[in-house]
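Presented below is the structure to which this report refers.
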Amino acid sequence: MWSHSSSAWAVRAAHQAHQLTQVTHALVTGSLPPLPPHRARARRSGLLRRLRASPAGRWSTPRSGSVTGIYYSTPISLALRFHLRQRVQASGARRRRLRRRAMEEELRALLRDLDALKQSADPAAIDRMRERVAGMVSPAAAAAAGAARSKIKDMSAEVVDSNPYSRLMALQRMGIVDNYERIRDYSVAIVGIGGVGSVAAEMLTRCGIGRLLLYDYDTVELANMNRLFFRPDQVGMTKTDAAVQTLSGINPDVVLESYSLNITTVKGFETFLGSLKAKSAHGCNTGVDLVLSCVDNYEARMVVNQACNELGQTWMESGVSEDAVSGHIQLLVPGETACFACAPPLVVASGVDERTLKREGVCAASLPTTMGVVAGLLIQNALKYLLKFGQVSPYLGYNSLKDYFPTMEMKPNPQCSNPACVQRQKEYMLTKPARDAAAKAKMEAEASAADECPVHVDNEWNISVLDDSDTVTSRILSTAADSLPEGLVRELPTADSYQEPIAPVTSGAIDDDLEELQRQLDALNSS
């Protein structure tokens with residue numbers, strides 16, 4: 001005989017089998033009411049697990065005890081199981097067909113844009129192609145591109161929440177910068193998109209630079225997550241592509257050009273040199289206005305130094321120490337200041353391959369704070385150089401342990417080992433007299449303009465400031481101010497009138513007065 005527990009279990013199993021039959025029938029016939037997607041997926045997956053566990057279309061549950069096994073036959077046949085699996089497989093195939101069809105549409109659109117580029121270089125078409133390719137590579141990037149703002153044609157100083165340039169244009173209103181909109185006319189190249197270069201690129205992008213060229217050959221790794229720019233979902237991408245993906249979402253007005261190459265190779269150096277001279281894609285700028293070196297090795301610094309000396313290109317160098325607590329920035333103008341070969345570091349001067357100095361399993365320290373400070377100093381100096389405000393630092397160091405900021409100037413070395421640097425020094429000396437004369441004439445013109453300008457500005461109170469050298473006018477005005485109406489006199493002397501000093505009393509006069517006083521007393525006593 002069956003026990004009570006066995007009979008209860010049998011009833012429960014039969015009820016479950018009946019529910020399974022109803023759900024299967026509803027799924028096949030489509031009579032099941034609509035469910036939320038997560039519940040429908042959970043029910044479908046649970047049903048498939050039960051179907052796979054059933055032998056030959058039967059629901060089986062072995063049970064130990066008085067009953068060795070109970071099998072409840074269900075209406076689920078092999079044909080029904082096969083039909084249900086076909087439905088699931090068809091839905092997956094349908095999703096794959098939709099994705100394939102969407103991919104084909106994207107590729108056709110890219111082909112149309114490529115055909116349009118053959119006719120004319122359209123920046124808008126290039127941007128559309130970049131967004132589509134980024135969307136095919138990463139759906140998250142496509143979603144971000146869809147949420148990005150539209151391009152802004154002209155910078156505006158209007159103070160509204162929707163204007164990304166209002167606080168930048170305030171520099172012009174406050175007299176710091178003459179014309180901030182000029183920043184859109186400048187091109188800057190950044191070599192090395194690492195801890196300093198990536199932050200520098202983001203700062204220039206947020207400032208609204210016109211054109212930005214990015215150079216790096218490395219890929220994003222999890223070891224880079226201690227920096228301030230890259231994200232974990234960008235691991236595996238080249239640093240230039242990851243930078244373009246992020247920067248284009250921050251400010252779509254900036255023209256971005258990326259070069260994933262190693263400039264220390266012969267081919268990479270030729271490409272690097274050609275890109276610095278090439279005309280930009282939007283046709284507004286030729287070449288670059290400034291090169292920023294943010295590399296982490298001396299070999300790449302020497303390559304940038306060589307390229308800029310050959311082109312006569314002004315550039316700025318930056319670096320962070322291996323202990324991550326100090327750094328520096330330096331302005332290098334070929335022929336005018338010392339190049340990187342004029343006073344080379346010990347590693348460069350000794351000719352030792354710095355790659356042999358690295359040990360396996362040992363890496364340099366890295367602090368996002370120090371890299372952020374150095375990047376900020378670098379871009380601040382670059383903005384002062386481009387927009388002509390403030391004093392551009394020729395060299396500025398940073399020591400975070402003592403909060404020390406040393407600065408200095410370095411003159412070029414006439415015996416520099418770089419022939420291009422020596423040639424630029426000769427050219428600079430030849431043009432120095434004409435340049436000094438122009439600077440002197442400019443200073444004199446500014447001084448004369450300052451003399452001609454009014455001493456005071458017109459105001460509603462008619463307050464004016466007189467020049468002390470104009471004595472005639474000041475005397476006339478003071479006389480008119482001192483005159484009083486008829487019948488009025490001053491009780492006290494005015495502060496401007498000259499007081500005659502009182503003549504000192506002599507000792508002889510004092511003696512005479514005493515004798516006179518004595519005679520008067522004697523006369524009184526005798527009477």
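The chains in the structure tokens are called A, B, ... from first to last as shown; in each chain the residues are counted from 1, and the ligands are counted from 1 in the order shown.
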
How close does region 285-402 of chain A get to region 225-238 of chain A? List, as a tab-separated table, each residue of region 285-402 of chain A within 12 Å, its nearest atom pair and the distance in Å to one decimal, counting only C-alpha atoms.
residue	atom	partner	partner_atom	distance
A:Ala365	CA	A:Asn226	CA	10.6
A:Ser366	CA	A:Asn226	CA	7.6
A:Leu367	CA	A:Asn226	CA	7.3
A:Pro368	CA	A:Arg227	CA	5.2
A:Thr369	CA	A:Arg227	CA	8.8
A:Thr370	CA	A:Arg227	CA	10.3
A:Met371	CA	A:Arg227	CA	8.1
A:Gly372	CA	A:Leu228	CA	7.7
A:Val373	CA	A:Leu228	CA	11.5
A:Ala375	CA	A:Leu228	CA	10.9

*So which bits of region 204-421 of chain A end up strand (DSSP E) when you DSSP the backbone, as a PyMOL selection string?*
chain A and resi 211-215+255-259+290-293+315-320+326-332+395-399

*Please, what distance in Å, to one decimal, runs between CA of Leu332 (chain A) and CA of Ser258 (chain A)?*
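According to the coordinates, CA of Leu332 (chain A) and CA of Ser258 (chain A) are separated by 23.9 Å.
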
_DSSP helix (DSSP H, G or I) residues within region 193-369 of chain A, as a VMD selection string_ = chain A and resid 197 to 207 222 to 226 232 to 234 239 to 250 266 to 277 298 to 311 346 to 350 354 to 357 368 to 369
